[in-house]
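As structure tokens, the structure follows; a few thoughts come after it.
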Amino acid sequence: MSSIFVSAYKLTRSTSSPPPYTVDTHMGPARKCGQKRVQSERAVDTLDDACRERLLRPAAEYDAEILRINSDTRKKQSADNTKYDGLRSRYRSQLARKPQELAAILLMTNTQVDNAAARIKSIYSRRKTVALGIRRRATEAVNEYRAHRLVSLRSDLEIRLIRKAEDDRLRVQQLESSHARKLQQQKETEALQQHQARRLQQKEEKEALRQQHQARRLQQKKEKEAPSTTPSQKTAAEKGKGSTPSTAPLEAASMRVVQDTHVDNSTPRVLYSDGSLLNSGTLEVSQAFGVVDLTQDNPLTVQGRTDGHASSAKAELMGLLAAVLSAPPEQDIVVKLDNQSVVEQYSRLVKNRRDTLPRKRFRSTYAGIWAVLWQAVESRPGGVEVVWIKGHSNIHGNELADQAAKVAAQSGSVPWMVDLTQQTDITTFAHCYGGIVEIDLRQLLKQQSTIRHHQAWTSQRRVKRAIPDIDDVEWNSTLAYVHDRHAVFTFYSNSKDSHQRTHHIKKLHGMLPTLNSMQARKPNLYPTCVCRRCELEKEDNDHVWKCPSAAETTTEIWKEAMGKINEWGVQATNSYNAARKREYKRAVDRGRQVPRPVPIHWWPPSDADHVRGFSSIGGARAVHSGSPAPDRDEKPMWNVSDLLRGITPLSMLTEWSAVFRTPMSIAKTVLHKFVGYLEAQASELIWKPRCSETIAWEQSQGISAKDKTSKYTGPRGDWSQGYGYITHDGFSATIVAQSQVLDRTATGGWCIEEFGL
């Protein structure tokens, strides 16, 4: 920085050019001007010294600024020197002139010298101002640099502190994880030692049981060879055999034949088991099992029926239990069956039962039988392994077991009963109608509650008044509209959803706030109940959808829905074919031989088909054709207004299935979307405009929302056509007797029977 001001000082003190104002030594103004110049140079030198100490601007910037100022000064001095040289020469040339002229010239020269001194003074003042500005900017730059440096140091320090804290945290986590890993390894080592000790103890117990069974079998052999055997000895020998389910004598004999076979553990004995379920879903349902042993000279077969909750898994499970109990206790066996779910459950509920949570064991289907099977496997000395094989794949043992199971299912033999007291893992069982609940109890209670509420709801008098034939309603689709296609048990709710559910329920029950209902509630506010749209008839829950002013809208909605039937049919058919392919693939993976499904094609119905499909709906032909047309039945059970309310008739579903020539599921899907579209569009294009016009009329009559919700204590109006009263062909509440209403929640129905624990 000092070099900058040294160079500037040298430039200002340069003596390469003569002093500008020294004309002669005797001339006072020139000498005075030179002194001022010397003082100015000294002031500049003092200012340069001060700037040299305080300024920290970059050298290039300061050099450029000072060089510019010095260059301007030199140019000005050069111009002044040139001018004064000319004046000096002119002055010398005028010395010979008259004294008056010389005095005038001298006066003019002094004036010019004063002006030049003033200009020099202004130049040096400007230089001083520039220097002060440079010093101020230098100070600001220094302060800004210090602040920036302070912020940088502070952020650097914070980053270092954060990194140090993060390193400390990572180091602590590593130490904790290392400690936890060591503890886990220690626990695993202890668990492994305990498991090895338990396995060793189990092995010793099995060896002891094996020796006891061998001794018992030798004793039984000696008793058979001995000519005289007392009845008490026979009873003791029979008690020595393992516990089996209660069976008929023939089945028990077949089990004893297998138990009495020779034990050879050089290779495990292979047993084939299979189950059979016939007439599922009917009162003649039958389930049975069959077990085949091919290791003997002649194949040995154990077969039997079972009862209870009917399923193919139950028959397979009973076959597995019979195979384990039929084999000699000390014989290692491998049971092969073609039900993959039973094999997976065996691995979880028997083989690894100690690792399964008690809640999972208790809530599993057929929990008691699985507990008995686990007890039987644990108590026998020989090992048990269950292997899945592909069914119906020409495996001789599996085919024989399948034939034996089918023969047993068609026979009238006594069902096998499992003694659940043979196990100690599950001590409490739920009972219903005198039988043990074999499925998940919570699921059973949910199903029971759902059925109870559904029956109670469909048995209400207002439902019977609003819906002509409850038994002819497809309730799955109808309730889907009521709950706006959201499941009831998902706790999904908000204000909009609540309003929509309320609207659907009121519309289904005939409880919409029409003018006749409002007049019945508050006749002081509603002197008339004439429809505000057509102003022809009284407005009730049936007139809302049959109003002449809404006929054109109903026709447009109907035609739009009819135009979408083909699209819905293609989608439903594709979904149906895809579902059948998935079922076929699942059956093949499980080893079942099922025919390959043939794809179903959707054929667009003609207009005549549509007319035939709506023949059971009153007014459908007229709406479809756009002109008056007679109905097929004189008094149809269902009308177009019922479809607009969201009711799906079963009779209409049957007709659509015949018209479309498709399975019932495809017709059900198409009909569900058709009625759903009608219901949604009717709410938007018929009910909401009606509400807007009614509210406008109420405002013109001075009826406010507060008036409608305030309490009314005066006489009521006519309720014969009020809430819940939709008349169909003269049917009204006045002719419904109390004895005609069936109460499906009466005592004696299965829905309210208590469970005994």
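Naming works like this for the structure tokens: A, B, ... for the chains as they're shown, residue 1 at the start of each chain, ligands 1 onward in shown order.
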Task: Residues near Thr295 in chain A, cut-off 10 Å, only C-alpha atoms, skip fewer than 2 positions along chain, as a ChimeraX atom specification - done: /A:261,269-271,292-293,297-300
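Residue neighbourhood of range 579-593 of chain A, excluding near-sequence residues (fewer than 5 positions): Leu337, Asp338, Asn339, Gln340, Ser341, Val342, Val343, Trp388, Ile389, Lys390, Gly391, His392, Ser393, Asn394, Ile395, Asn398, Ala572, Thr573, Asn574, Val598, Pro599, Ile600, Ser665 and Ile666 of chain A, at 12 Å, using only C-alpha atoms.
Counting from CA of Ser311 in chain A, the distance to CA of Gln287 in chain A is 7.5 Å.
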- [ ] Would you return as a PyMOL selection string the members of range 257-468 of chain A that DSSP assigns to strand (DSSP E) on this structure's backbone?
- [x] chain A and resi 269-278+286-293+300-306+333-337+384-388+431-432+435-436
Open item on the list: Applying 9 Å and only C-alpha atoms, which residues near Lys522 in chain A remain after dropping the ones on its own chain fewer than 5 positions away? List them as a PyMOL selection string.
Closed with: chain A and resi 517+527+708+712+714-717
Restricting the output to all heavy atoms, write the selected residues as a PDB file, in the first residue's frame.
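Written output follows (out.pdb):
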```pdb
ATOM      1  N   SER A 517     -94.348 -33.737   3.688  1.00  0.00           N
ATOM      2  CA  SER A 517     -93.802 -34.035   5.012  1.00  0.00           C
ATOM      3  C   SER A 517     -93.570 -32.753   5.803  1.00  0.00           C
ATOM      4  O   SER A 517     -93.836 -32.699   7.014  1.00  0.00           O
ATOM      5  CB  SER A 517     -92.489 -34.810   4.871  1.00  0.00           C
ATOM      6  OG  SER A 517     -92.699 -36.028   4.204  1.00  0.00           O
ATOM      7  N   PRO A 527     -98.669 -23.707   4.095  1.00  0.00           N
ATOM      8  CA  PRO A 527    -100.117 -23.836   3.914  1.00  0.00           C
ATOM      9  C   PRO A 527    -100.491 -24.784   2.773  1.00  0.00           C
ATOM     10  O   PRO A 527    -101.598 -25.300   2.731  1.00  0.00           O
ATOM     11  CB  PRO A 527    -100.556 -22.401   3.606  1.00  0.00           C
ATOM     12  CG  PRO A 527     -99.337 -21.751   3.017  1.00  0.00           C
ATOM     13  CD  PRO A 527     -98.170 -22.380   3.709  1.00  0.00           C
ATOM     14  N   LYS A 708     -87.617 -23.283  10.188  1.00  0.00           N
ATOM     15  CA  LYS A 708     -87.814 -24.716   9.900  1.00  0.00           C
ATOM     16  C   LYS A 708     -87.277 -25.607  11.005  1.00  0.00           C
ATOM     17  O   LYS A 708     -87.772 -26.715  11.198  1.00  0.00           O
ATOM     18  CB  LYS A 708     -87.140 -25.071   8.573  1.00  0.00           C
ATOM     19  CG  LYS A 708     -87.822 -24.459   7.372  1.00  0.00           C
ATOM     20  CD  LYS A 708     -87.299 -25.020   6.073  1.00  0.00           C
ATOM     21  CE  LYS A 708     -85.894 -24.549   5.783  1.00  0.00           C
ATOM     22  NZ  LYS A 708     -85.426 -24.998   4.453  1.00  0.00           N
ATOM     23  N   TYR A 712     -92.116 -26.665  17.227  1.00  0.00           N
ATOM     24  CA  TYR A 712     -93.512 -26.343  16.924  1.00  0.00           C
ATOM     25  C   TYR A 712     -94.401 -27.167  17.839  1.00  0.00           C
ATOM     26  O   TYR A 712     -94.278 -28.393  17.935  1.00  0.00           O
ATOM     27  CB  TYR A 712     -93.807 -26.650  15.456  1.00  0.00           C
ATOM     28  CG  TYR A 712     -95.265 -26.481  15.080  1.00  0.00           C
ATOM     29  CD1 TYR A 712     -95.831 -25.211  15.008  1.00  0.00           C
ATOM     30  CD2 TYR A 712     -96.066 -27.586  14.822  1.00  0.00           C
ATOM     31  CE1 TYR A 712     -97.172 -25.050  14.672  1.00  0.00           C
ATOM     32  CE2 TYR A 712     -97.393 -27.434  14.481  1.00  0.00           C
ATOM     33  CZ  TYR A 712     -97.949 -26.163  14.408  1.00  0.00           C
ATOM     34  OH  TYR A 712     -99.267 -26.007  14.077  1.00  0.00           O
ATOM     35  N   GLY A 714     -97.933 -26.644  17.925  1.00  0.00           N
ATOM     36  CA  GLY A 714     -99.320 -26.601  17.484  1.00  0.00           C
ATOM     37  C   GLY A 714     -99.784 -27.935  16.938  1.00  0.00           C
ATOM     38  O   GLY A 714     -99.073 -28.954  16.976  1.00  0.00           O
ATOM     39  N   PRO A 715    -100.990 -27.976  16.400  1.00  0.00           N
ATOM     40  CA  PRO A 715    -101.517 -29.234  15.827  1.00  0.00           C
ATOM     41  C   PRO A 715    -100.738 -29.644  14.583  1.00  0.00           C
ATOM     42  O   PRO A 715    -100.315 -28.805  13.789  1.00  0.00           O
ATOM     43  CB  PRO A 715    -102.972 -28.879  15.500  1.00  0.00           C
ATOM     44  CG  PRO A 715    -102.972 -27.395  15.322  1.00  0.00           C
ATOM     45  CD  PRO A 715    -101.948 -26.866  16.289  1.00  0.00           C
ATOM     46  N   ARG A 716    -100.580 -30.934  14.446  1.00  0.00           N
ATOM     47  CA  ARG A 716     -99.852 -31.472  13.300  1.00  0.00           C
ATOM     48  C   ARG A 716    -100.769 -31.625  12.096  1.00  0.00           C
ATOM     49  O   ARG A 716    -101.994 -31.622  12.209  1.00  0.00           O
ATOM     50  CB  ARG A 716     -99.247 -32.833  13.649  1.00  0.00           C
ATOM     51  CG  ARG A 716     -98.258 -32.773  14.785  1.00  0.00           C
ATOM     52  CD  ARG A 716     -96.941 -32.190  14.336  1.00  0.00           C
ATOM     53  NE  ARG A 716     -95.954 -32.174  15.410  1.00  0.00           N
ATOM     54  CZ  ARG A 716     -94.697 -31.802  15.267  1.00  0.00           C
ATOM     55  NH1 ARG A 716     -94.276 -31.408  14.074  1.00  0.00           N
ATOM     56  NH2 ARG A 716     -93.855 -31.811  16.279  1.00  0.00           N
ATOM     57  N   GLY A 717    -100.125 -31.807  10.950  1.00  0.00           N
ATOM     58  CA  GLY A 717    -100.882 -32.007   9.733  1.00  0.00           C
ATOM     59  C   GLY A 717    -101.181 -33.472   9.486  1.00  0.00           C
ATOM     60  O   GLY A 717    -101.095 -34.325  10.383  1.00  0.00           O
TER      61      GLY A 717
END
```
Open item on the list: Need to verify the contact set: Lys538 in chain A, 12 Å, only C-alpha atoms, exclusion of same-chain residues closer than 2 positions in sequence. Can you return it as a ChimeraX atom specification?
Closed with: /A:514-519,528-536,540-544,546-547,721-722
Quick one: contact table of range 290-409 of chain A to range 443-453 of chain A, 12 Å max, nearest atom pair and distance in Å to one decimal per residue, counting only C-alpha atoms, chain and number order, as CSV?
```
residue,atom,partner,partner_atom,distance
A:Arg363,CA,A:Gln443,CA,9.4
A:Ser364,CA,A:Gln443,CA,10.9
A:Thr365,CA,A:Gln443,CA,10.7
```
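The coordinates place CA of Ile333 in chain A at 10.5 Å from CA of Val263 in chain A.
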Can you list, as a PDB file with N, CA, C and O atoms, in the first residue's frame, every protein, DNA or RNA residue that comes within 8 Å of Gln303 in chain A when you count only C-alpha atoms, leaving out same-chain residues fewer than 2 positions away?
```pdb
ATOM      1  N   GLU A 251     -62.962 -99.074  11.592  1.00  0.00           N
ATOM      2  CA  GLU A 251     -61.851 -98.151  11.418  1.00  0.00           C
ATOM      3  C   GLU A 251     -60.777 -98.366  12.482  1.00  0.00           C
ATOM      4  O   GLU A 251     -59.575 -98.267  12.214  1.00  0.00           O
ATOM      5  N   ALA A 288     -64.513 -86.662   4.292  1.00  0.00           N
ATOM      6  CA  ALA A 288     -63.850 -87.888   4.742  1.00  0.00           C
ATOM      7  C   ALA A 288     -62.383 -87.822   4.345  1.00  0.00           C
ATOM      8  O   ALA A 288     -61.938 -86.919   3.628  1.00  0.00           O
ATOM      9  N   PHE A 289     -61.622 -88.813   4.804  1.00  0.00           N
ATOM     10  CA  PHE A 289     -60.189 -88.878   4.542  1.00  0.00           C
ATOM     11  C   PHE A 289     -59.797 -90.323   4.267  1.00  0.00           C
ATOM     12  O   PHE A 289     -60.543 -91.267   4.577  1.00  0.00           O
ATOM     13  N   GLY A 290     -58.600 -90.467   3.705  1.00  0.00           N
ATOM     14  CA  GLY A 290     -58.045 -91.787   3.461  1.00  0.00           C
ATOM     15  C   GLY A 290     -56.537 -91.767   3.616  1.00  0.00           C
ATOM     16  O   GLY A 290     -55.876 -90.832   3.157  1.00  0.00           O
ATOM     17  N   VAL A 291     -55.985 -92.825   4.271  1.00  0.00           N
ATOM     18  CA  VAL A 291     -54.540 -92.950   4.491  1.00  0.00           C
ATOM     19  C   VAL A 291     -54.108 -94.300   3.934  1.00  0.00           C
ATOM     20  O   VAL A 291     -54.743 -95.327   4.222  1.00  0.00           O
ATOM     21  N   THR A 301     -54.907 -99.593   4.366  1.00  0.00           N
ATOM     22  CA  THR A 301     -55.713 -98.378   4.210  1.00  0.00           C
ATOM     23  C   THR A 301     -56.449 -98.076   5.503  1.00  0.00           C
ATOM     24  O   THR A 301     -57.012 -98.985   6.132  1.00  0.00           O
ATOM     25  N   ARG A 305     -64.968 -90.955   8.057  1.00  0.00           N
ATOM     26  CA  ARG A 305     -65.674 -89.704   7.889  1.00  0.00           C
ATOM     27  C   ARG A 305     -65.454 -88.816   9.107  1.00  0.00           C
ATOM     28  O   ARG A 305     -65.060 -89.275  10.165  1.00  0.00           O
ATOM     29  N   GLY A 319     -57.061 -86.572   7.998  1.00  0.00           N
ATOM     30  CA  GLY A 319     -56.235 -87.622   7.414  1.00  0.00           C
ATOM     31  C   GLY A 319     -54.813 -87.585   7.946  1.00  0.00           C
ATOM     32  O   GLY A 319     -54.201 -88.628   8.208  1.00  0.00           O
ATOM     33  N   ALA A 404     -59.897 -93.900  -1.513  1.00  0.00           N
ATOM     34  CA  ALA A 404     -60.373 -94.314  -0.191  1.00  0.00           C
ATOM     35  C   ALA A 404     -61.175 -93.204   0.479  1.00  0.00           C
ATOM     36  O   ALA A 404     -62.199 -93.460   1.131  1.00  0.00           O
ATOM     37  N   ALA A 405     -60.742 -91.952   0.323  1.00  0.00           N
ATOM     38  CA  ALA A 405     -61.474 -90.833   0.932  1.00  0.00           C
ATOM     39  C   ALA A 405     -62.845 -90.677   0.291  1.00  0.00           C
ATOM     40  O   ALA A 405     -63.845 -90.411   0.984  1.00  0.00           O
ATOM     41  N   ALA A 408     -65.150 -93.384   1.548  1.00  0.00           N
ATOM     42  CA  ALA A 408     -65.580 -93.114   2.923  1.00  0.00           C
ATOM     43  C   ALA A 408     -66.603 -91.983   2.969  1.00  0.00           C
ATOM     44  O   ALA A 408     -67.530 -92.006   3.786  1.00  0.00           O
TER      45      ALA A 408
END
```
Need the shell around range 121-129 of chain A: protein/DNA/RNA residues with any atom at most 7 Å away, counting only C-alpha atoms. Skip same-chain ones fewer than 4 positions apart. Format as a PDB file with C-alpha atoms, in the first residue's frame?
```
ATOM      1  CA  SER A  40      -1.652  22.489  -1.496  1.00  0.00           C
ATOM      2  CA  ALA A 117      -5.389  30.420  -8.651  1.00  0.00           C
ATOM      3  CA  GLY A 133     -14.482   9.458  -0.444  1.00  0.00           C
TER       4      GLY A 133
END
```
Task: alpha helix (DSSP H) residues, from DSSP on the backbone, in range 310-371 of chain A, as number ranges by chain - done: A: 312-326, 340-346, 358-363, 367-371
Open item on the list: If I take CA of Tyr346 in chain A and CA of Ala401 in chain A, how far is one from the other in Å, to one decimal?
Closed with: 19.5 Å
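Considering only C-alpha atoms, the residue among A:Asp45, A:Asp72, A:Glu316, A:Glu144 positioned nearest to Ile120 in chain A is A:Asp72.
Between Val302 in chain A and the candidates A:Lys314, A:Leu153, A:Arg256, A:Glu101, the tightest atom-to-atom separation, counting only C-alpha atoms, involves A:Arg256.
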